[in-house]
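Colleague: Just target05.txt, nothing more (compact mmCIF, C-alpha atoms):
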```
# COMPACT_ATOMS: atom_id res chain seq x y z
CA MET A 1 85.18 -52.18 56.06
CA ASN A 2 82.97 -49.50 57.53
CA ARG A 3 80.97 -51.07 60.34
CA LEU A 4 77.76 -49.73 58.78
CA ASP A 5 78.42 -51.90 55.73
CA LYS A 6 77.28 -54.81 57.89
CA LEU A 7 73.78 -53.40 57.43
CA ASN A 8 73.84 -53.94 53.68
CA ASP A 9 72.36 -57.43 53.97
CA ARG A 10 68.63 -56.71 54.17
CA THR A 11 67.33 -60.22 53.52
CA ASP A 12 66.02 -60.95 57.04
CA ALA A 13 62.35 -59.96 57.05
CA GLU A 14 61.97 -60.47 60.81
CA LYS A 15 64.62 -57.82 61.41
CA TRP A 16 63.84 -55.32 58.67
CA ALA A 17 60.20 -55.54 57.59
CA HIS A 18 57.16 -53.65 58.81
CA PRO A 19 55.02 -56.22 60.68
CA GLU A 20 52.37 -56.15 57.94
CA LEU A 21 54.96 -56.71 55.20
CA GLN A 22 56.71 -59.79 56.58
CA GLN A 23 55.55 -62.11 53.80
CA ALA A 24 56.08 -59.61 51.00
CA PHE A 25 59.50 -58.56 52.28
CA ALA A 26 60.56 -62.20 52.64
CA ALA A 27 60.27 -62.64 48.88
CA ALA A 28 63.79 -61.18 48.79
CA GLU A 29 65.28 -63.58 51.32
CA THR A 30 65.86 -66.54 48.99
CA PRO A 31 67.93 -66.01 45.82
CA ASN A 32 65.73 -66.18 42.75
CA PRO A 33 66.89 -68.96 40.37
CA MET A 34 65.69 -66.95 37.38
CA PHE A 35 67.84 -64.00 38.48
CA GLU A 36 70.81 -66.35 38.76
CA GLN A 37 70.28 -67.21 35.10
CA ILE A 38 69.52 -63.71 33.85
CA TYR A 39 72.23 -61.73 35.61
CA ASN A 40 75.11 -64.21 35.65
CA PRO A 41 77.65 -63.06 33.04
CA GLU A 42 79.41 -66.43 33.27
CA ILE A 43 76.42 -68.04 31.54
CA PRO A 44 76.39 -67.41 27.75
CA PHE A 45 73.91 -64.73 26.75
CA GLU A 46 72.01 -66.98 24.34
CA LYS A 47 71.39 -69.54 27.09
CA ARG A 48 70.23 -66.79 29.45
CA LYS A 49 67.94 -65.51 26.71
CA ALA A 50 66.45 -68.96 26.04
CA ASP A 51 65.90 -69.64 29.74
CA ASN A 52 64.26 -66.26 30.27
CA GLU A 53 61.99 -66.70 27.25
CA SER A 54 60.88 -70.09 28.58
CA ALA A 55 60.09 -68.58 31.98
CA TYR A 56 58.27 -65.64 30.39
CA GLU A 57 56.20 -67.92 28.16
CA ALA A 58 55.25 -70.05 31.18
CA ILE A 59 54.08 -66.96 33.09
CA MET A 60 52.08 -65.69 30.12
CA ALA A 61 50.56 -69.12 29.47
CA ALA A 62 49.25 -69.22 33.04
CA ALA A 63 47.72 -65.74 32.74
CA PRO A 64 44.28 -65.19 31.21
CA SER A 65 44.34 -63.91 27.64
CA PRO A 66 43.43 -60.25 27.15
CA ASP A 67 39.86 -59.57 26.09
CA PRO A 68 40.25 -58.21 22.53
CA GLU A 69 37.04 -56.24 22.93
CA LYS A 70 38.52 -54.34 25.87
CA ASN A 71 42.22 -54.35 24.94
CA LYS A 72 42.83 -53.09 21.43
CA LYS A 73 46.21 -53.78 19.89
CA TYR A 74 47.99 -51.34 17.58
CA ASP A 75 51.24 -51.62 15.66
CA ILE A 76 52.61 -48.11 15.32
CA LEU A 77 55.64 -46.51 13.72
CA GLY A 78 58.69 -45.47 15.68
CA CYS A 79 59.69 -42.04 16.96
CA PRO A 80 61.72 -39.55 14.86
CA GLU A 81 64.97 -41.10 16.07
CA GLU A 82 63.98 -44.53 14.69
CA PRO A 83 61.01 -43.90 12.37
CA ASP A 84 61.01 -47.22 10.50
CA THR A 85 60.66 -49.35 13.62
CA SER A 86 57.32 -50.97 14.46
CA VAL A 87 56.13 -50.72 18.07
CA SER A 88 53.33 -52.85 19.51
CA ILE A 89 50.99 -51.27 22.07
CA MET A 90 47.63 -52.04 23.70
CA VAL A 91 44.95 -49.49 24.61
CA ALA A 92 41.85 -49.79 26.78
CA LYS A 93 39.07 -47.47 27.92
CA PRO A 94 37.04 -47.67 31.12
CA GLY A 95 33.64 -49.17 30.36
CA LYS A 96 31.61 -47.15 32.82
CA ILE A 97 32.65 -43.65 31.77
CA LYS A 98 31.30 -42.15 28.56
CA LYS A 99 33.01 -38.76 28.49
CA LYS A 100 34.20 -37.63 25.08
CA LYS A 101 37.71 -36.90 26.39
CA LEU A 102 39.41 -38.83 29.16
CA PRO A 103 42.79 -38.52 30.84
CA CYS A 104 45.37 -41.15 29.98
CA ILE A 105 47.81 -43.28 31.93
CA LEU A 106 50.83 -44.59 30.03
CA HIS A 107 52.04 -47.52 32.11
CA ILE A 108 55.61 -48.82 31.67
CA ALA A 109 56.06 -52.42 32.74
CA ALA A 110 58.72 -53.87 35.01
CA GLY A 111 61.09 -56.68 34.05
CA GLY A 112 64.65 -55.74 34.95
CA LEU A 113 65.18 -54.50 31.35
CA TYR A 114 65.31 -58.16 30.28
CA ALA A 115 61.56 -58.74 30.16
CA CYS A 116 58.41 -56.65 29.83
CA TYR A 117 55.72 -57.92 32.19
CA ASN A 118 52.85 -55.76 30.97
CA PRO A 119 49.51 -55.78 32.76
CA TYR A 120 46.48 -55.73 30.51
CA PRO A 121 45.42 -52.10 30.11
CA ASP A 122 41.72 -52.70 30.78
CA THR A 123 42.55 -53.32 34.46
CA LEU A 124 44.38 -49.99 34.65
CA ALA A 125 41.62 -48.20 32.76
CA GLU A 126 39.01 -49.27 35.29
CA GLN A 127 41.31 -48.57 38.22
CA TYR A 128 42.05 -44.98 37.22
CA ASP A 129 38.98 -44.05 35.15
CA ALA A 130 41.29 -43.21 32.27
CA VAL A 131 42.39 -44.46 28.89
CA ALA A 132 45.25 -46.86 29.62
CA VAL A 133 48.16 -47.54 27.29
CA VAL A 134 50.93 -50.14 27.61
CA CYS A 135 53.88 -50.63 25.29
CA ASP A 136 55.58 -53.91 24.48
CA TYR A 137 58.94 -52.18 24.44
CA ARG A 138 62.13 -53.85 23.29
CA THR A 139 63.98 -55.57 26.10
CA LEU A 140 67.53 -56.90 26.15
CA PHE A 141 66.31 -60.33 25.12
CA LYS A 142 64.47 -58.77 22.18
CA GLY A 143 67.56 -56.95 20.98
CA GLY A 144 66.70 -53.75 22.79
CA CYS A 145 69.12 -51.63 24.75
CA TYR A 146 69.54 -47.89 25.08
CA PRO A 147 68.26 -45.98 23.16
CA ALA A 148 65.91 -48.53 21.53
CA THR A 149 63.71 -48.92 24.61
CA ILE A 150 63.34 -45.18 25.10
CA ASN A 151 62.60 -44.83 21.37
CA ASP A 152 59.69 -47.29 21.69
CA LEU A 153 58.24 -45.40 24.65
CA HIS A 154 58.78 -42.06 22.92
CA ALA A 155 56.91 -43.41 19.89
CA THR A 156 54.05 -44.56 22.12
CA TYR A 157 53.64 -41.18 23.81
CA GLN A 158 53.87 -39.36 20.48
CA TRP A 159 51.28 -41.65 18.88
CA VAL A 160 48.81 -41.14 21.73
CA VAL A 161 49.14 -37.36 21.39
CA GLU A 162 48.73 -37.50 17.62
CA HIS A 163 45.70 -39.85 17.83
CA ALA A 164 44.11 -38.29 20.89
CA ASP A 165 40.81 -37.51 19.17
CA GLU A 166 40.50 -41.04 17.82
CA LEU A 167 41.29 -42.53 21.24
CA GLY A 168 39.13 -40.13 23.21
CA VAL A 169 42.17 -38.84 25.13
CA ASP A 170 42.74 -35.39 26.55
CA SER A 171 46.32 -35.00 25.27
CA ASP A 172 47.07 -32.46 28.01
CA LYS A 173 46.34 -35.05 30.70
CA ILE A 174 48.76 -37.91 30.10
CA VAL A 175 50.44 -39.34 33.21
CA ILE A 176 53.42 -41.68 32.90
CA ASN A 177 53.69 -44.50 35.46
CA GLY A 178 56.15 -47.32 35.93
CA ILE A 179 57.43 -49.69 38.58
CA SER A 180 61.02 -50.94 39.10
CA SER A 181 62.73 -50.87 35.68
CA GLY A 182 59.48 -49.32 34.44
CA GLY A 183 60.00 -46.55 37.01
CA HIS A 184 63.53 -46.06 35.72
CA LEU A 185 62.22 -45.82 32.16
CA ALA A 186 59.42 -43.44 33.20
CA LEU A 187 61.88 -40.96 34.71
CA ALA A 188 64.24 -41.28 31.74
CA LEU A 189 61.41 -40.90 29.22
CA CYS A 190 60.48 -37.54 30.75
CA HIS A 191 63.92 -36.22 29.82
CA ARG A 192 63.52 -37.48 26.24
CA LEU A 193 60.03 -35.95 25.94
CA LYS A 194 61.26 -32.64 27.30
CA ARG A 195 63.83 -32.52 24.50
CA TYR A 196 60.98 -32.88 21.99
CA GLY A 197 58.78 -30.26 23.62
CA TYR A 198 56.24 -32.59 25.25
CA HIS A 199 54.84 -31.80 28.70
CA PRO A 200 53.32 -34.86 30.43
CA ARG A 201 50.83 -34.10 33.18
CA GLY A 202 52.86 -36.08 35.69
CA CYS A 203 55.21 -38.99 36.31
CA VAL A 204 54.71 -41.59 39.06
CA ALA A 205 57.81 -43.76 39.49
CA GLU A 206 57.59 -46.70 41.88
CA VAL A 207 60.85 -48.10 43.27
CA PRO A 208 62.70 -46.75 40.21
CA ILE A 209 66.35 -47.45 39.44
CA PRO A 210 67.53 -44.02 38.21
CA ASP A 211 71.25 -44.85 38.23
CA GLU A 212 73.24 -47.86 37.06
CA ARG A 213 76.26 -46.95 39.20
CA THR A 214 76.97 -48.74 42.47
CA ILE A 215 78.67 -45.78 44.14
CA TYR A 216 75.91 -45.32 46.70
CA ASN A 217 75.61 -47.03 50.06
CA SER A 218 72.21 -48.50 49.21
CA SER A 219 73.52 -49.73 45.84
CA LYS A 220 75.75 -52.22 47.65
CA ARG A 221 72.86 -54.01 49.31
CA VAL A 222 72.45 -57.77 49.04
CA GLN A 223 68.86 -58.68 48.18
CA ASN A 224 66.79 -60.66 45.69
CA TRP A 225 67.16 -57.58 43.51
CA GLY A 226 70.46 -56.19 44.79
CA GLY A 227 73.58 -54.35 43.75
CA ARG A 228 74.81 -57.13 41.47
CA GLU A 229 71.56 -57.20 39.51
CA LEU A 230 71.41 -53.41 39.33
CA TYR A 231 74.90 -53.21 37.84
CA ALA A 232 74.52 -56.19 35.48
CA SER A 233 71.25 -55.00 33.97
CA GLY A 234 72.37 -51.38 33.74
CA GLN A 235 75.63 -52.14 31.98
CA ALA A 236 74.01 -54.60 29.59
CA TRP A 237 71.26 -52.13 28.72
CA LEU A 238 73.65 -49.24 28.16
CA GLY A 239 75.99 -51.37 26.06
CA TYR A 240 79.72 -50.96 25.78
CA ARG A 241 79.59 -47.74 23.73
CA ASN A 242 77.36 -45.97 26.25
CA ALA A 243 78.57 -47.44 29.54
CA ASN A 244 81.08 -44.70 30.39
CA ALA A 245 79.42 -43.04 33.38
CA ALA A 246 80.66 -39.62 32.32
CA SER A 247 78.68 -39.79 29.07
CA VAL A 248 75.42 -41.47 30.18
CA PRO A 249 72.57 -39.04 29.43
CA ALA A 250 69.59 -38.40 31.70
CA GLU A 251 67.30 -39.98 29.12
CA ALA A 252 69.13 -43.25 29.78
CA PHE A 253 69.39 -43.02 33.59
CA ALA A 254 67.74 -39.96 35.09
CA ASN A 255 70.11 -39.46 38.03
CA HIS A 256 72.89 -38.56 35.59
CA ALA A 257 71.02 -35.26 35.16
CA GLU A 258 72.16 -32.01 36.72
CA PRO A 259 69.53 -29.76 38.32
CA GLU A 260 69.66 -27.50 35.23
CA ASP A 261 68.65 -30.49 33.10
CA CYS A 262 65.54 -30.98 35.23
CA ILE A 263 63.97 -27.56 34.67
CA GLY A 264 60.59 -27.98 33.01
CA LEU A 265 60.10 -31.66 33.87
CA PRO A 266 56.58 -32.77 34.86
CA PRO A 267 55.39 -33.16 38.45
CA THR A 268 57.25 -36.21 39.72
CA PHE A 269 56.16 -38.67 42.40
CA ILE A 270 58.84 -41.11 43.58
CA HIS A 271 58.20 -44.10 45.84
CA THR A 272 61.27 -45.77 47.30
CA CYS A 273 61.96 -47.85 50.43
CA ASP A 274 64.33 -47.82 53.36
CA SER A 275 65.60 -51.27 52.30
CA GLU A 276 65.79 -50.57 48.58
CA VAL A 277 68.87 -50.94 46.39
CA ALA A 278 68.22 -47.51 44.83
CA THR A 279 67.20 -45.55 47.96
CA ASP A 280 70.13 -43.14 47.72
CA PRO A 281 69.94 -42.35 43.97
CA ASP A 282 66.16 -41.98 44.27
CA MET A 283 66.63 -39.36 46.97
CA ALA A 284 69.50 -37.73 45.09
CA TYR A 285 67.39 -37.38 41.95
CA ALA A 286 64.45 -35.99 43.90
CA SER A 287 66.79 -33.39 45.35
CA LYS A 288 67.84 -32.31 41.84
CA LEU A 289 64.21 -31.98 40.81
CA ILE A 290 63.44 -29.86 43.86
CA ARG A 291 66.42 -27.64 43.10
CA ALA A 292 65.01 -27.18 39.56
CA GLY A 293 61.63 -26.11 40.94
CA VAL A 294 59.79 -29.25 39.80
CA TYR A 295 56.75 -30.32 41.84
CA VAL A 296 58.09 -33.33 43.76
CA ASP A 297 56.46 -35.83 46.11
CA LEU A 298 59.04 -38.28 47.51
CA HIS A 299 58.05 -41.16 49.79
CA VAL A 300 60.56 -43.42 51.52
CA TRP A 301 58.51 -46.34 52.79
CA GLY A 302 59.76 -47.77 56.07
CA GLY A 303 60.06 -51.49 56.66
CA CYS A 304 59.76 -52.10 52.94
CA ASN A 305 61.94 -53.33 50.10
CA HIS A 306 61.77 -53.58 46.31
CA ALA A 307 60.04 -56.96 46.33
CA ALA A 308 57.52 -55.99 49.00
CA MET A 309 56.25 -52.99 47.08
CA THR A 310 55.78 -55.05 43.91
CA PHE A 311 54.17 -57.93 45.78
CA GLU A 312 51.68 -55.74 47.65
CA GLU A 313 50.54 -53.88 44.56
CA SER A 314 49.80 -57.08 42.65
CA SER A 315 48.26 -58.93 45.61
CA LEU A 316 44.52 -59.55 45.85
CA ASN A 317 44.90 -59.82 49.63
CA ARG A 318 46.80 -56.65 50.45
CA SER A 319 47.81 -55.68 53.95
CA GLU A 320 46.57 -52.39 55.38
CA TYR A 321 50.04 -51.01 54.72
CA GLY A 322 49.91 -52.15 51.09
CA GLN A 323 46.44 -50.71 50.62
CA PHE A 324 47.62 -47.39 52.06
CA TYR A 325 50.37 -47.31 49.46
CA CYS A 326 48.02 -48.17 46.58
CA ASP A 327 45.47 -45.58 47.71
CA LEU A 328 48.13 -42.90 47.90
CA LYS A 329 49.41 -43.70 44.41
CA LYS A 330 45.89 -43.54 43.03
CA LYS A 331 45.39 -40.18 44.74
CA GLN A 332 48.60 -38.86 43.17
CA ILE A 333 47.53 -39.91 39.68
CA GLN A 334 44.06 -38.48 40.15
CA ASP A 335 45.55 -35.20 41.43
CA CYS A 336 47.56 -34.94 38.22
CA PHE A 337 44.39 -35.45 36.20
CA ARG A 338 42.41 -32.98 38.30
CA TYR A 339 45.00 -30.25 38.88
CA ASP A 340 47.74 -28.84 36.69
CA LEU A 341 50.77 -29.17 38.97
CA ARG A 342 53.25 -28.33 36.22
CA ARG A 343 55.24 -25.18 36.78
CA GLN A 344 55.77 -24.12 33.20
CA TRP A 345 56.24 -20.52 34.32
CA ILE A 346 59.66 -21.41 35.78
CA GLU A 347 61.49 -21.49 32.46
CA GLU A 348 60.10 -18.07 31.53
CA GLU A 349 61.09 -16.54 34.87
CA LEU A 350 64.62 -17.95 34.62
CA LYS A 351 65.28 -16.44 31.22
CA GLU A 352 68.01 -13.86 31.26
CA ASP A 353 67.03 -10.26 30.66
```
Let me see the structure of the file written as structure tokens.

Modeller:
Amino acid sequence: MNRLDKLNDRTDAEKWAHPELQQAFAAAETPNPMFEQIYNPEIPFEKRKADNESAYEAIMAAAPSPDPEKNKKYDILGCPEEPDTSVSIMVAKPGKIKKKKLPCILHIAAGGLYACYNPYPDTLAEQYDAVAVVCDYRTLFKGGCYPATINDLHATYQWVVEHADELGVDSDKIVINGISSGGHLALALCHRLKRYGYHPRGCVAEVPIPDERTIYNSSKRVQNWGGRELYASGQAWLGYRNANAASVPAEAFANHAEPEDCIGLPPTFIHTCDSEVATDPDMAYASKLIRAGVYVDLHVWGGCNHAAMTFEESSLNRSEYGQFYCDLKKKQIQDCFRYDLRRQWIEEELKED
């Protein structure tokens, strides 16, 4: 064993965490019983599904119900690749802004591909002064795997563009945002949308998992969300027919892209951590985007891990470090709304004479 492999265990917050992130980082120190159920292939899938649904229902029961006056629900049709499928989404507008056309944030929820822990969009709408859209995409426990999940998100983006006037959305100012598995799906969705000629204003991916392979040093890390969970969820989501690494497309896991595949993608903002299971593939994918001329803003947050970033963003009592992160992300999204950072001239300049 390479002596550096001893550093793969990043569960000791006192050793690894930034002083202001001790509590948040420590969330990864103790194995999560729910993860043991969800990602253990020795437990029958139906039992894992039932246990996860019970846990999800308990979480949702404890949460306040969405205000139907602020959060409007729509059942929409699927994308061209699955047109007869119904997709459920929620949309909210900020109450204090009365402009005729507003930018839009399409938020993709986390959940390890097994669940879809959507925030209510009215919170996002007020936070970003934009129309906010969330999609109740198909997860593994709802019969969804690749490409079903991407199809649901594709349908959502397409519907927002087609109903922009009705929603009061500036269809040229749609930013895609996601955290964890939502970050993975955000990056992958950009490749799907590119194939259909859509040009999002930007993509902000927080601790994304852009690669299901465990060939990277960081992918071998032992954490609450570690290498085992990364591999188990990725393989289950891809399914047997799609799990051959040589044939996985970028619209399933973005780091399977080559730099040529990245030409024309939207401005991309990636937040990863120095104690993150996907640190290496996050950096590798950012490098491909840079090679393709895409506007890229990559942040590797020191003294931080996957759980800490999620914990800080959802906390009502954030540390200064956590607030710095949230302020920066808000600035990135607002910059996409305010400035056109897309470099659509690149494709034209690269055309052969």

Colleague: Need to verify the contact set: region 85-98 of chain A, 8 Å, all atoms listed in the file, exclusion of same-chain residues closer than 2 positions in sequence. Can you return it as a list in words?

Modeller: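 Listed by chain and then number, they are Lys70, Asn71, Lys72, Lys73, Tyr74, Asp75, Ile76, Leu77, Gly78, Glu82, Pro83, Lys100, Tyr120, Pro121, Asp122, Ala125, Glu126, Asp129, Ala130, Val131, Ala132, Val133, Val134, Cys135, Asp136, Tyr137, Asp152, Ala155 and Thr156 of chain A.
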
Colleague: Contacts of Asn177 (chain A) at 7 Å or less, counting all atoms listed in the file, minus same-chain residues fewer than 3 places along, as number ranges by chain?

Modeller: A: 105-108, 183, 186, 203-205

Colleague: Choose the residue, out of A:Ala109, A:Ala115, A:Val222, A:Val294, that has the smallest atom-to-atom separation from Ala55 (chain A); count all atoms listed in the file.

Modeller: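 With all atoms listed in the file as the atom set, the closest residue is A:Ala115.
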
Colleague: What is the CA of Pro80 (chain A) to CA of Gly144 (chain A) distance in Å?

Modeller: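 Computed distance, CA of Pro80 (chain A) to CA of Gly144 (chain A), equals 17.0 Å.
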
Colleague: Can you pull out the residues contacting Arg201 (chain A)? Cut-off 12 Å, using only C-alpha atoms, and skip same-chain residues under 5 positions away; I want them as a ChimeraX atom specification.

Modeller: /A:103-106,170-177,190,193,264-269,295,332-344

Colleague: Quick one: everything within 7 Å of Tyr231 (chain A), counting all atoms listed in the file, minus sequence neighbours fewer than 2 positions away in the same chain. Send it as a PyMOL selection string.

Modeller: chain A and resi 212-214+227-229+233-235

Colleague: If I take CA of Gly168 (chain A) and CA of Lys329 (chain A), how far is one from the other in Å, to one decimal?

Modeller: 23.8 Å

Colleague: Go ahead and compute the interatomic distance for CA of Ser315 (chain A) and CA of Cys273 (chain A), in Å to one decimal.

Modeller: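 Atom-to-atom, CA of Ser315 (chain A) and CA of Cys273 (chain A) are spaced 18.3 Å apart.
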